[in-house]
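Chemist: Here you go, structure01.pdb (PDB, C-alpha atoms and all ligand atoms):
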ATOM      1  CA  MET A   1     -18.043  -5.044  -6.749
ATOM      2  CA  ASP A   2     -16.515  -2.049  -5.056
ATOM      3  CA  TRP A   3     -14.364   0.536  -6.819
ATOM      4  CA  GLY A   4     -10.985  -0.929  -5.878
ATOM      5  CA  MET A   5     -11.908  -4.416  -7.056
ATOM      6  CA  LYS A   6     -13.295  -3.091 -10.359
ATOM      7  CA  ASN A   7     -10.287  -0.850 -10.872
ATOM      8  CA  ARG A   8      -7.775  -3.672 -10.328
ATOM      9  CA  LEU A   9      -9.722  -6.107 -12.474
ATOM     10  CA  SER A  10      -9.815  -3.544 -15.304
ATOM     11  CA  LYS A  11      -6.005  -3.576 -15.299
ATOM     12  CA  ILE A  12      -5.999  -7.328 -15.914
ATOM     13  CA  ILE A  13      -8.933  -7.681 -18.325
ATOM     14  CA  LYS A  14      -9.169  -4.649 -20.601
ATOM     15  CA  PRO A  15     -12.651  -3.078 -20.317
ATOM     16  CA  SER A  16     -12.549  -1.956 -23.986
ATOM     17  CA  ASN A  17     -12.752  -5.543 -25.316
ATOM     18  CA  SER A  18     -12.881  -7.735 -22.173
ATOM     19  CA  ARG A  19      -9.628  -9.409 -23.194
ATOM     20  CA  CYS A  20      -6.228  -9.931 -21.667
ATOM     21  CA  VAL A  21      -2.619 -10.754 -22.502
ATOM     22  CA  MET A  22      -0.947 -11.891 -19.297
ATOM     23  CA  LEU A  23       2.700 -12.915 -19.423
ATOM     24  CA  ALA A  24       3.433 -15.887 -17.131
ATOM     25  CA  VAL A  25       6.926 -16.025 -15.636
ATOM     26  CA  ASP A  26       6.088 -17.854 -12.404
ATOM     27  CA  HIS A  27       7.364 -21.283 -13.488
ATOM     28  CA  GLY A  28      10.400 -21.262 -11.194
ATOM     29  CA  TYR A  29       8.211 -21.521  -8.089
ATOM     30  CA  PHE A  30       8.086 -25.280  -8.540
ATOM     31  CA  LEU A  31      10.282 -25.969 -11.621
ATOM     32  CA  GLY A  32      13.412 -24.040 -10.634
ATOM     33  CA  PRO A  33      15.441 -22.335 -13.391
ATOM     34  CA  THR A  34      13.237 -23.269 -16.360
ATOM     35  CA  GLU A  35      14.862 -23.109 -19.827
ATOM     36  CA  LYS A  36      15.086 -19.485 -21.070
ATOM     37  CA  LEU A  37      13.871 -18.247 -17.680
ATOM     38  CA  GLU A  38      17.169 -19.001 -15.916
ATOM     39  CA  ASN A  39      17.789 -15.274 -15.541
ATOM     40  CA  PRO A  40      14.310 -13.777 -15.045
ATOM     41  CA  ARG A  41      15.534 -10.189 -15.315
ATOM     42  CA  GLU A  42      16.937 -10.812 -18.799
ATOM     43  CA  THR A  43      13.809 -12.660 -19.926
ATOM     44  CA  ILE A  44      11.286 -10.197 -18.524
ATOM     45  CA  GLY A  45      13.017  -6.872 -19.383
ATOM     46  CA  PRO A  46      12.400  -6.731 -23.156
ATOM     47  CA  LEU A  47       8.835  -8.126 -22.802
ATOM     48  CA  LEU A  48       7.575  -5.978 -19.957
ATOM     49  CA  ASN A  49       6.048  -3.188 -22.025
ATOM     50  CA  TYR A  50       4.185  -5.527 -24.378
ATOM     51  CA  ALA A  51       2.248  -7.482 -21.743
ATOM     52  CA  ASP A  52      -1.056  -6.268 -20.265
ATOM     53  CA  SER A  53       0.046  -7.824 -16.975
ATOM     54  CA  LEU A  54       2.839  -9.938 -15.543
ATOM     55  CA  MET A  55       2.266 -13.087 -13.478
ATOM     56  CA  LEU A  56       5.081 -13.978 -11.086
ATOM     57  CA  THR A  57       6.156 -14.636  -7.500
ATOM     58  CA  ARG A  58       7.270 -11.978  -5.049
ATOM     59  CA  GLY A  59      10.880 -13.202  -5.235
ATOM     60  CA  VAL A  60      11.152 -12.636  -8.965
ATOM     61  CA  LEU A  61       9.171  -9.389  -8.765
ATOM     62  CA  ARG A  62      11.555  -7.917  -6.197
ATOM     63  CA  THR A  63      14.752  -9.064  -7.862
ATOM     64  CA  SER A  64      13.964  -8.917 -11.540
ATOM     65  CA  VAL A  65      11.402  -6.226 -12.346
ATOM     66  CA  ILE A  66      12.108  -2.513 -12.147
ATOM     67  CA  PRO A  67       9.825  -0.867  -9.552
ATOM     68  CA  GLU A  68       9.162   2.003 -11.974
ATOM     69  CA  SER A  69       7.284  -0.392 -14.264
ATOM     70  CA  ASN A  70       3.642   0.384 -15.045
ATOM     71  CA  THR A  71       2.775  -3.209 -15.968
ATOM     72  CA  PRO A  72       0.149  -4.523 -13.521
ATOM     73  CA  ILE A  73       1.251  -7.418 -11.353
ATOM     74  CA  VAL A  74      -0.562 -10.721 -10.903
ATOM     75  CA  LEU A  75       1.144 -12.108  -7.828
ATOM     76  CA  ARG A  76       1.380 -15.874  -7.483
ATOM     77  CA  VAL A  77       0.809 -16.531  -3.794
ATOM     78  CA  SER A  78       0.496 -20.326  -3.757
ATOM     79  CA  GLY A  79       3.470 -22.669  -3.508
ATOM     80  CA  GLY A  80       5.278 -24.997  -1.162
ATOM     81  CA  SER A  81       5.918 -27.973  -3.434
ATOM     82  CA  SER A  82       8.472 -28.803  -6.130
ATOM     83  CA  ILE A  83       8.744 -30.951  -9.220
ATOM     84  CA  ILE A  84      10.858 -33.477  -7.258
ATOM     85  CA  GLY A  85       8.826 -33.336  -4.051
ATOM     86  CA  GLU A  86       6.207 -35.627  -2.580
ATOM     87  CA  ASP A  87       3.163 -34.251  -4.413
ATOM     88  CA  LEU A  88       2.791 -31.115  -6.547
ATOM     89  CA  SER A  89      -0.747 -30.573  -5.311
ATOM     90  CA  LYS A  90       0.406 -30.059  -1.716
ATOM     91  CA  GLU A  91       0.320 -26.265  -1.868
ATOM     92  CA  THR A  92      -0.374 -23.588   0.663
ATOM     93  CA  ILE A  93      -0.606 -19.786   0.589
ATOM     94  CA  VAL A  94       3.004 -18.590   0.784
ATOM     95  CA  THR A  95       2.575 -14.814   0.517
ATOM     96  CA  SER A  96       0.399 -12.756   2.826
ATOM     97  CA  ILE A  97      -2.229 -10.275   1.707
ATOM     98  CA  GLU A  98      -0.300  -7.467   3.452
ATOM     99  CA  GLU A  99       2.759  -8.343   1.374
ATOM    100  CA  ALA A 100       0.653  -8.381  -1.801
ATOM    101  CA  ILE A 101      -0.649  -4.889  -0.965
ATOM    102  CA  LYS A 102       2.912  -3.672  -0.250
ATOM    103  CA  LEU A 103       3.960  -4.991  -3.655
ATOM    104  CA  ASN A 104       1.020  -3.178  -5.279
ATOM    105  CA  ALA A 105      -0.422  -6.372  -6.737
ATOM    106  CA  SER A 106      -3.416  -5.904  -9.033
ATOM    107  CA  CYS A 107      -4.456  -9.536  -8.730
ATOM    108  CA  LEU A 108      -3.560 -12.642  -6.675
ATOM    109  CA  ALA A 109      -2.986 -16.040  -8.319
ATOM    110  CA  LEU A 110      -3.284 -19.458  -6.741
ATOM    111  CA  SER A 111      -3.455 -23.033  -8.054
ATOM    112  CA  ILE A 112      -6.195 -25.504  -7.295
ATOM    113  CA  PHE A 113      -5.781 -29.238  -7.914
ATOM    114  CA  VAL A 114      -9.287 -30.635  -8.365
ATOM    115  CA  GLY A 115      -9.356 -34.435  -8.077
ATOM    116  CA  SER A 116      -5.906 -34.652  -6.505
ATOM    117  CA  LYS A 117      -4.849 -35.977  -3.124
ATOM    118  CA  TYR A 118      -4.736 -32.409  -1.774
ATOM    119  CA  GLU A 119      -7.910 -31.159  -3.482
ATOM    120  CA  PHE A 120      -9.512 -30.091  -0.191
ATOM    121  CA  GLN A 121      -6.441 -28.166   0.956
ATOM    122  CA  THR A 122      -6.080 -26.262  -2.324
ATOM    123  CA  LEU A 123      -9.798 -25.401  -2.469
ATOM    124  CA  LYS A 124      -9.555 -24.189   1.107
ATOM    125  CA  ASN A 125      -6.555 -22.070   0.073
ATOM    126  CA  LEU A 126      -8.643 -20.511  -2.709
ATOM    127  CA  SER A 127     -11.572 -19.764  -0.406
ATOM    128  CA  LYS A 128      -9.272 -18.150   2.149
ATOM    129  CA  LEU A 129      -7.552 -16.053  -0.503
ATOM    130  CA  VAL A 130     -10.859 -14.858  -1.965
ATOM    131  CA  ASN A 131     -12.009 -13.847   1.546
ATOM    132  CA  GLU A 132      -8.783 -11.875   2.055
ATOM    133  CA  GLY A 133      -8.905 -10.360  -1.432
ATOM    134  CA  GLU A 134     -12.515  -9.253  -0.971
ATOM    135  CA  LYS A 135     -11.536  -7.391   2.200
ATOM    136  CA  TYR A 136      -9.036  -5.235   0.313
ATOM    137  CA  GLY A 137     -10.558  -5.167  -3.179
ATOM    138  CA  ILE A 138      -7.985  -7.465  -4.808
ATOM    139  CA  PRO A 139      -9.244  -9.976  -7.378
ATOM    140  CA  VAL A 140      -8.129 -13.614  -7.431
ATOM    141  CA  LEU A 141      -7.035 -15.654 -10.442
ATOM    142  CA  ALA A 142      -7.553 -19.393  -9.856
ATOM    143  CA  VAL A 143      -5.234 -21.639 -11.849
ATOM    144  CA  THR A 144      -6.709 -25.082 -12.533
ATOM    145  CA  ALA A 145      -3.494 -27.088 -12.293
ATOM    146  CA  VAL A 146      -3.540 -30.490 -13.912
ATOM    147  CA  GLY A 147      -1.578 -33.374 -12.401
ATOM    148  CA  LYS A 148      -0.068 -36.022 -14.691
ATOM    149  CA  GLU A 149      -2.904 -38.414 -13.888
ATOM    150  CA  MET A 150      -5.722 -35.965 -14.761
ATOM    151  CA  ALA A 151      -7.310 -35.812 -18.223
ATOM    152  CA  ARG A 152      -7.310 -32.393 -19.864
ATOM    153  CA  ASP A 153     -10.777 -32.903 -21.309
ATOM    154  CA  SER A 154     -13.705 -30.492 -21.253
ATOM    155  CA  ARG A 155     -15.557 -32.506 -18.610
ATOM    156  CA  TYR A 156     -12.703 -32.294 -16.125
ATOM    157  CA  LEU A 157     -11.731 -28.695 -16.934
ATOM    158  CA  ALA A 158     -15.363 -27.524 -16.785
ATOM    159  CA  LEU A 159     -15.638 -29.099 -13.333
ATOM    160  CA  ALA A 160     -12.433 -27.448 -12.086
ATOM    161  CA  CYS A 161     -13.261 -24.009 -13.569
ATOM    162  CA  ARG A 162     -16.812 -24.044 -12.234
ATOM    163  CA  ILE A 163     -15.643 -24.953  -8.728
ATOM    164  CA  ALA A 164     -13.089 -22.118  -8.849
ATOM    165  CA  ALA A 165     -15.801 -19.637  -9.843
ATOM    166  CA  GLU A 166     -18.234 -20.961  -7.219
ATOM    167  CA  LEU A 167     -15.599 -20.401  -4.533
ATOM    168  CA  GLY A 168     -15.315 -16.785  -5.654
ATOM    169  CA  ALA A 169     -12.388 -16.606  -8.103
ATOM    170  CA  HIS A 170     -12.727 -13.529 -10.310
ATOM    171  CA  VAL A 171     -10.819 -15.016 -13.265
ATOM    172  CA  VAL A 172      -9.921 -18.643 -14.001
ATOM    173  CA  LYS A 173      -6.933 -19.905 -15.934
ATOM    174  CA  THR A 174      -7.103 -23.326 -17.523
ATOM    175  CA  TYR A 175      -6.039 -25.266 -20.630
ATOM    176  CA  HIS A 176      -7.610 -25.279 -24.059
ATOM    177  CA  CYS A 177      -9.178 -28.597 -25.056
ATOM    178  CA  PRO A 178     -11.702 -30.008 -27.540
ATOM    179  CA  ASP A 179     -15.207 -28.638 -26.768
ATOM    180  CA  PHE A 180     -13.615 -25.780 -24.838
ATOM    181  CA  ASN A 181     -16.780 -23.711 -25.384
ATOM    182  CA  LYS A 182     -18.449 -25.996 -22.803
ATOM    183  CA  VAL A 183     -15.787 -25.069 -20.254
ATOM    184  CA  VAL A 184     -16.397 -21.355 -20.878
ATOM    185  CA  GLU A 185     -20.195 -21.713 -20.901
ATOM    186  CA  GLY A 186     -20.152 -23.457 -17.526
ATOM    187  CA  CYS A 187     -17.972 -20.831 -15.872
ATOM    188  CA  PRO A 188     -19.611 -17.537 -14.855
ATOM    189  CA  VAL A 189     -16.306 -15.595 -14.690
ATOM    190  CA  PRO A 190     -13.742 -14.892 -17.459
ATOM    191  CA  VAL A 191     -11.646 -17.874 -18.500
ATOM    192  CA  ILE A 192      -8.117 -17.457 -19.868
ATOM    193  CA  ILE A 193      -5.783 -20.140 -21.168
ATOM    194  CA  ALA A 194      -2.215 -21.174 -20.395
ATOM    195  CA  GLY A 195      -0.004 -21.849 -23.383
ATOM    196  CA  GLY A 196       1.475 -25.102 -22.079
ATOM    197  CA  LYS A 197       4.617 -26.689 -23.483
ATOM    198  CA  LYS A 198       6.486 -24.915 -26.290
ATOM    199  CA  LEU A 199       4.872 -25.366 -29.685
ATOM    200  CA  ALA A 200       5.927 -24.099 -33.096
ATOM    201  CA  GLU A 201       5.035 -20.385 -33.239
ATOM    202  CA  ARG A 202       2.252 -20.862 -35.771
ATOM    203  CA  GLU A 203       0.667 -23.597 -33.632
ATOM    204  CA  ALA A 204       0.789 -21.421 -30.526
ATOM    205  CA  LEU A 205      -0.923 -18.621 -32.452
ATOM    206  CA  GLN A 206      -3.543 -21.093 -33.672
ATOM    207  CA  LEU A 207      -4.105 -22.193 -30.058
ATOM    208  CA  THR A 208      -4.628 -18.564 -29.044
ATOM    209  CA  PHE A 209      -7.043 -17.970 -31.913
ATOM    210  CA  ASP A 210      -9.043 -21.156 -31.257
ATOM    211  CA  ALA A 211      -9.353 -20.414 -27.543
ATOM    212  CA  LEU A 212     -10.731 -16.938 -28.252
ATOM    213  CA  GLU A 213     -13.138 -18.334 -30.840
ATOM    214  CA  ASP A 214     -14.353 -20.750 -28.139
ATOM    215  CA  GLY A 215     -15.005 -17.881 -25.726
ATOM    216  CA  ALA A 216     -11.762 -17.435 -23.769
ATOM    217  CA  SER A 217     -11.028 -13.895 -22.583
ATOM    218  CA  GLY A 218      -7.338 -14.125 -23.394
ATOM    219  CA  VAL A 219      -4.111 -15.826 -22.455
ATOM    220  CA  ASP A 220      -1.773 -16.233 -19.548
ATOM    221  CA  MET A 221       1.118 -17.468 -21.657
ATOM    222  CA  GLY A 222       4.698 -18.231 -20.709
ATOM    223  CA  ARG A 223       6.879 -20.786 -22.516
ATOM    224  CA  ASN A 224       5.381 -20.172 -25.941
ATOM    225  CA  ILE A 225       6.513 -16.565 -25.627
ATOM    226  CA  TRP A 226       9.895 -16.604 -23.906
ATOM    227  CA  GLN A 227      11.085 -19.934 -25.304
ATOM    228  CA  SER A 228      10.408 -18.608 -28.819
ATOM    229  CA  ASP A 229      13.414 -17.619 -30.954
ATOM    230  CA  ASN A 230      12.039 -14.097 -30.908
ATOM    231  CA  PRO A 231      10.039 -13.525 -27.710
ATOM    232  CA  VAL A 232       9.107  -9.880 -28.392
ATOM    233  CA  ALA A 233       7.856 -10.680 -31.902
ATOM    234  CA  MET A 234       5.878 -13.616 -30.509
ATOM    235  CA  LEU A 235       4.284 -11.552 -27.750
ATOM    236  CA  LYS A 236       3.323  -8.890 -30.296
ATOM    237  CA  ALA A 237       1.799 -11.551 -32.548
ATOM    238  CA  VAL A 238      -0.249 -12.982 -29.659
ATOM    239  CA  ARG A 239      -1.390  -9.433 -28.860
ATOM    240  CA  ALA A 240      -2.472  -8.949 -32.458
ATOM    241  CA  ILE A 241      -4.822 -11.936 -32.182
ATOM    242  CA  VAL A 242      -6.161 -11.028 -28.734
ATOM    243  CA  HIS A 243      -6.506  -7.269 -29.128
ATOM    244  CA  GLU A 244      -6.650  -6.595 -32.855
ATOM    245  CA  ASN A 245      -8.659  -9.641 -33.954
ATOM    246  CA  SER A 246      -5.892 -10.684 -36.360
ATOM    247  CA  THR A 247      -6.166 -14.023 -38.114
ATOM    248  CA  VAL A 248      -3.522 -16.678 -37.468
ATOM    249  CA  LYS A 249      -1.950 -15.937 -40.860
ATOM    250  CA  GLU A 250      -1.803 -12.190 -40.209
ATOM    251  CA  ALA A 251      -0.294 -12.719 -36.752
ATOM    252  CA  TYR A 252       2.220 -15.283 -38.022
ATOM    253  CA  ASP A 253       3.277 -13.031 -40.927
ATOM    254  CA  GLN A 254       3.710 -10.234 -38.385
ATOM    255  CA  TYR A 255       5.864 -12.564 -36.238
ATOM    256  CA  VAL A 256       8.065 -13.482 -39.218
ATOM    257  CA  ASN A 257       8.417  -9.861 -40.389
ATOM    258  CA  THR A 258       9.215  -8.540 -36.905
ATOM    259  CA  SER A 259      11.742 -11.354 -36.385
ATOM    260  CA  THR A 260      13.415 -10.588 -39.741
ATOM    261  CA  MET A 261      13.561  -6.875 -38.924
ATOM    262  CA  THR A 262      15.074  -7.598 -35.515
ATOM    263  CA  GLU A 263      17.662  -9.893 -37.123
ATOM    264  CA  GLU A 264      18.552  -7.176 -39.672
ATOM    265  CA  ILE A 265      18.967  -4.597 -36.910
ATOM    266  CA  ARG A 266      21.199  -7.069 -35.037
ATOM    267  CA  LYS A 267      23.278  -7.701 -38.142
ATOM    268  CA  LYS A 268      23.602  -3.958 -38.848
ATOM    269  CA  SER A 269      24.727  -3.207 -35.295
ATOM    270  CA  ARG A 270      27.230  -6.128 -35.482
ATOM    271  CA  ASN A 271      28.643  -4.765 -38.796
ATOM    272  CA  LYS A 272      28.780  -1.269 -37.338
ATOM    273  CA  SER A 273      30.797  -2.386 -34.343
ATOM    274  CA  VAL A 274      33.139  -4.320 -36.700
ATOM    275  CA  SER A 275      33.699  -1.266 -38.965
ATOM    276  CA  ILE A 276      34.348   0.957 -35.915
TER
HETATM  277  C1  LIG B   1       2.338 -22.775 -13.709
HETATM  278  C2  LIG B   1       1.553 -21.689 -14.270
HETATM  279  C3  LIG B   1       2.031 -21.041 -15.517
HETATM  280  O1  LIG B   1       2.035 -19.683 -15.310
HETATM  281  C4  LIG B   1       1.124 -21.386 -16.663
HETATM  282  O2  LIG B   1       1.188 -22.757 -16.923
HETATM  283  C5  LIG B   1       1.353 -20.559 -17.929
HETATM  284  O3  LIG B   1       2.536 -20.797 -18.503
HETATM  285  P1  LIG B   1       2.711 -21.671 -19.824
HETATM  286  O4  LIG B   1       2.080 -20.862 -20.937
HETATM  287  O5  LIG B   1       4.200 -21.794 -19.988
HETATM  288  O6  LIG B   1       1.985 -22.984 -19.640
HETATM  289  O7  LIG B   1       0.554 -21.303 -13.745
HETATM  290  O8  LIG B   1       1.619 -23.385 -12.695
END
Using structure tokens, write down the structure that the file contains.
Ligand code: 5RP
Modeler:
Amino acid sequence: MDWGMKNRLSKIIKPSNSRCVMLAVDHGYFLGPTEKLENPRETIGPLLNYADSLMLTRGVLRTSVIPESNTPIVLRVSGGSSIIGEDLSKETIVTSIEEAIKLNASCLALSIFVGSKYEFQTLKNLSKLVNEGEKYGIPVLAVTAVGKEMARDSRYLALACRIAAELGAHVVKTYHCPDFNKVVEGCPVPVIIAGGKKLAEREALQLTFDALEDGASGVDMGRNIWQSDNPVAMLKAVRAIVHENSTVKEAYDQYVNTSTMTEEIRKKSRNKSVSI
């Protein structure tokens, strides 16, 4: 790996512990204004400084993130389908490498749909993106997207992750599942997990913990952070597990305490404005 590639990758996966906390806010690219992400600027603002990196599209980056931010950007460059369209797997590369460089992206993200109708097209997209990224020293995160009809078991996810790595992805994002260690063992590049649908906070922290125990390098989490009642407290709790080796209990207690403190501060500032 050349210097630029190593340097960018080190912004995504921390060299000190080989772990990462990526905040995913790219959902709108096929889901539209997802609950609690209707106004991306409002959602992202308070969380920005607590994420190791931010995963999003160029549209949301330009409109909703301050350019002075130091948080590294993982730019989603695949798209072209919607939740109500013909087939979610029918994606192409929608953002050019020149644009990614202009936006100072530290990593490029693209979905592959192994086993779907458009498997070939999405694997071709990944290969093309890796070729482009290699030219300019920009790593690629492959997202193993799962259609409704695909099982999220270790056999399927190991297949998808391994193919992504074989085609040159530098990091792979997938879902946690029983026997997840087999998925990680079969993939020669770091594997990180998506959070999936909103769970109770404790369950989401357990998911994070279990994934790391099974060999994941971290999370690329969205809904379980910003759909939480207290997104900042939740992101800090996830960080505690990933970067400080906290137990689920320690991280959950931290979440509850931070949430209570935030509520007290809110109450105090409300009372203050009433007494003024
Ligand atoms: C959508 C994505 C999302 O970024 C990914 O699913 C992570 O978000 P969540 O934790 O909400 O599942 O890649 O294709």
Chemist: Leaving out range 148-164 of chain A and any residue of its chain fewer than 3 positions from it, which residues lie within 7 Å of it when counting only C-alpha atoms, given as an mmCIF file with C-alpha atoms, keeping the file's coordinate frame?
Modeler:
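Below you can see part_23.cif, which holds the result:
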data_model
loop_
_atom_site.group_PDB
_atom_site.id
_atom_site.type_symbol
_atom_site.label_atom_id
_atom_site.label_comp_id
_atom_site.auth_asym_id
_atom_site.auth_seq_id
_atom_site.Cartn_x
_atom_site.Cartn_y
_atom_site.Cartn_z
ATOM 1 C CA VAL A 114 -9.287 -30.635 -8.365
ATOM 2 C CA ALA A 142 -7.553 -19.393 -9.856
ATOM 3 C CA THR A 144 -6.709 -25.082 -12.533
ATOM 4 C CA LEU A 167 -15.599 -20.401 -4.533
ATOM 5 C CA GLY A 168 -15.315 -16.785 -5.654
ATOM 6 C CA ALA A 169 -12.388 -16.606 -8.103
ATOM 7 C CA VAL A 172 -9.921 -18.643 -14.001
ATOM 8 C CA CYS A 177 -9.178 -28.597 -25.056
ATOM 9 C CA PRO A 178 -11.702 -30.008 -27.540
ATOM 10 C CA ASP A 179 -15.207 -28.638 -26.768
ATOM 11 C CA PHE A 180 -13.615 -25.780 -24.838
ATOM 12 C CA LYS A 182 -18.449 -25.996 -22.803
ATOM 13 C CA VAL A 183 -15.787 -25.069 -20.254
ATOM 14 C CA GLY A 186 -20.152 -23.457 -17.526
ATOM 15 C CA CYS A 187 -17.972 -20.831 -15.872
#
Chemist: Compare A:Val60, A:Ile84, A:Met234, A:Ala165 by their minimum atom-to-atom distance to Val189 in chain A, counting only C-alpha atoms, and give me the closest one.
Modeler: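 Ranking A:Val60, A:Ile84, A:Met234, A:Ala165 by distance to Val189 in chain A, first place goes to A:Ala165.
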Chemist: Output as a Markdown table one row per residue of chain A within 8 Å of ligand LIG 1 (chain B): the closest atom pair and its distance in Å to one decimal place, counting all atoms listed in the file, sorted by chain and residue number ascending.
Modeler:
| residue | atom | partner | partner_atom | distance |
| --- | --- | --- | --- | --- |
| A:Leu23 | CA | B:LIG1 | C5 | 7.9 |
| A:Ala24 | CA | B:LIG1 | O1 | 4.4 |
| A:Val25 | CA | B:LIG1 | O1 | 6.1 |
| A:Asp26 | CA | B:LIG1 | O1 | 5.3 |
| A:His27 | CA | B:LIG1 | C1 | 5.2 |
| A:Phe30 | CA | B:LIG1 | O8 | 7.9 |
| A:Met55 | CA | B:LIG1 | O1 | 6.8 |
| A:Leu56 | CA | B:LIG1 | O1 | 7.7 |
| A:Ser111 | CA | B:LIG1 | O8 | 6.9 |
| A:Val143 | CA | B:LIG1 | O7 | 6.1 |
| A:Ala145 | CA | B:LIG1 | O8 | 6.3 |
| A:Lys173 | CA | B:LIG1 | O7 | 7.9 |
| A:Ile193 | CA | B:LIG1 | C5 | 7.8 |
| A:Ala194 | CA | B:LIG1 | O4 | 4.3 |
| A:Gly195 | CA | B:LIG1 | O4 | 3.4 |
| A:Gly196 | CA | B:LIG1 | O6 | 3.3 |
| A:Lys197 | CA | B:LIG1 | O6 | 6.0 |
| A:Lys198 | CA | B:LIG1 | O5 | 7.4 |
| A:Asp220 | CA | B:LIG1 | C5 | 5.6 |
| A:Met221 | CA | B:LIG1 | O4 | 3.6 |
| A:Gly222 | CA | B:LIG1 | O5 | 3.7 |
| A:Arg223 | CA | B:LIG1 | O5 | 3.8 |
| A:Asn224 | CA | B:LIG1 | O4 | 6.0 |
| A:Ile225 | CA | B:LIG1 | O4 | 7.8 |
Chemist: One decimal, Å: what's the distance from CA of Leu129 in chain A over to CA of Lys102 in chain A, could you say?
Modeler: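 Separation between CA of Leu129 in chain A and CA of Lys102 in chain A: 16.2 Å.
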Chemist: What residues come out when you apply the PyMOL selection byres (((chain A and resi 248-256) around 12) and not hetatm) to this file, written as a tab-separated table (two decimals) with C-alpha atoms, in the coordinates of the input?
Modeler:
chain	number	residue	atom	x	y	z
A	200	ALA	CA	5.93	-24.10	-33.10
A	201	GLU	CA	5.04	-20.39	-33.24
A	202	ARG	CA	2.25	-20.86	-35.77
A	203	GLU	CA	0.67	-23.60	-33.63
A	204	ALA	CA	0.79	-21.42	-30.53
A	205	LEU	CA	-0.92	-18.62	-32.45
A	206	GLN	CA	-3.54	-21.09	-33.67
A	207	LEU	CA	-4.11	-22.19	-30.06
A	208	THR	CA	-4.63	-18.56	-29.04
A	209	PHE	CA	-7.04	-17.97	-31.91
A	210	ASP	CA	-9.04	-21.16	-31.26
A	212	LEU	CA	-10.73	-16.94	-28.25
A	213	GLU	CA	-13.14	-18.33	-30.84
A	225	ILE	CA	6.51	-16.57	-25.63
A	228	SER	CA	10.41	-18.61	-28.82
A	229	ASP	CA	13.41	-17.62	-30.95
A	230	ASN	CA	12.04	-14.10	-30.91
A	231	PRO	CA	10.04	-13.52	-27.71
A	232	VAL	CA	9.11	-9.88	-28.39
A	233	ALA	CA	7.86	-10.68	-31.90
A	234	MET	CA	5.88	-13.62	-30.51
A	235	LEU	CA	4.28	-11.55	-27.75
A	236	LYS	CA	3.32	-8.89	-30.30
A	237	ALA	CA	1.80	-11.55	-32.55
A	238	VAL	CA	-0.25	-12.98	-29.66
A	239	ARG	CA	-1.39	-9.43	-28.86
A	240	ALA	CA	-2.47	-8.95	-32.46
A	241	ILE	CA	-4.82	-11.94	-32.18
A	242	VAL	CA	-6.16	-11.03	-28.73
A	243	HIS	CA	-6.51	-7.27	-29.13
A	244	GLU	CA	-6.65	-6.60	-32.85
A	245	ASN	CA	-8.66	-9.64	-33.95
A	246	SER	CA	-5.89	-10.68	-36.36
A	247	THR	CA	-6.17	-14.02	-38.11
A	257	ASN	CA	8.42	-9.86	-40.39
A	258	THR	CA	9.22	-8.54	-36.90
A	259	SER	CA	11.74	-11.35	-36.38
A	260	THR	CA	13.42	-10.59	-39.74
A	261	MET	CA	13.56	-6.88	-38.92
A	262	THR	CA	15.07	-7.60	-35.52
A	263	GLU	CA	17.66	-9.89	-37.12
Chemist: Which of these residues is nearest to Leu110 in chain A, using only C-alpha atoms: A:Ile138, A:Ala211, A:Ile83, A:Val77?
Modeler: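 So, comparing all the options, the nearest one is A:Val77.
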Chemist: Near range 95-97 of chain A, within 7 Å and counting all atoms listed in the file, which residues show up once chain neighbours fewer than 3 positions away are dropped, as a ChimeraX atom specification?
Modeler: /A:77,100-101,132
Chemist: Could you pull the residues within 12 Å of Ile66 in chain A, counting only C-alpha atoms, minus those fewer than 6 positions along the same chain, as number ranges by chain?
Modeler: A: 40-42, 44-46, 48-49, 60, 73
Chemist: Pick the closest to Pro190 in chain A from A:Gly133, A:Asp52, A:Gly215, A:Trp3: which is it, counting all atoms listed in the file?
Modeler: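 Closest to Pro190 in chain A, using all atoms listed in the file: A:Gly215.
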Chemist: Please rebuild range 102-107 of chain A with N, CA, C and O atoms and return the result as a short mmCIF file (atom, residue, chain, number, x, y, z; two decimals), in the frame of the given file.
Modeler:
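Result saved to part-v2.cif:
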data_model
loop_
_atom_site.label_atom_id
_atom_site.label_comp_id
_atom_site.auth_asym_id
_atom_site.auth_seq_id
_atom_site.Cartn_x
_atom_site.Cartn_y
_atom_site.Cartn_z
N LYS A 102 1.63 -4.40 -0.23
CA LYS A 102 2.91 -3.67 -0.25
C LYS A 102 3.53 -3.70 -1.64
O LYS A 102 4.14 -2.74 -2.09
N LEU A 103 3.36 -4.83 -2.32
CA LEU A 103 3.96 -4.99 -3.66
C LEU A 103 3.06 -4.42 -4.75
O LEU A 103 3.36 -4.54 -5.94
N ASN A 104 1.95 -3.82 -4.34
CA ASN A 104 1.02 -3.18 -5.28
C ASN A 104 0.46 -4.16 -6.31
O ASN A 104 0.34 -3.84 -7.49
N ALA A 105 0.13 -5.37 -5.82
CA ALA A 105 -0.42 -6.37 -6.74
C ALA A 105 -1.81 -5.96 -7.20
O ALA A 105 -2.62 -5.47 -6.41
N SER A 106 -2.08 -6.19 -8.49
CA SER A 106 -3.42 -5.90 -9.03
C SER A 106 -4.31 -7.13 -8.97
O SER A 106 -5.53 -7.03 -9.13
N CYS A 107 -3.69 -8.29 -8.76
CA CYS A 107 -4.46 -9.54 -8.73
C CYS A 107 -3.61 -10.58 -7.99
O CYS A 107 -2.37 -10.49 -7.98
#
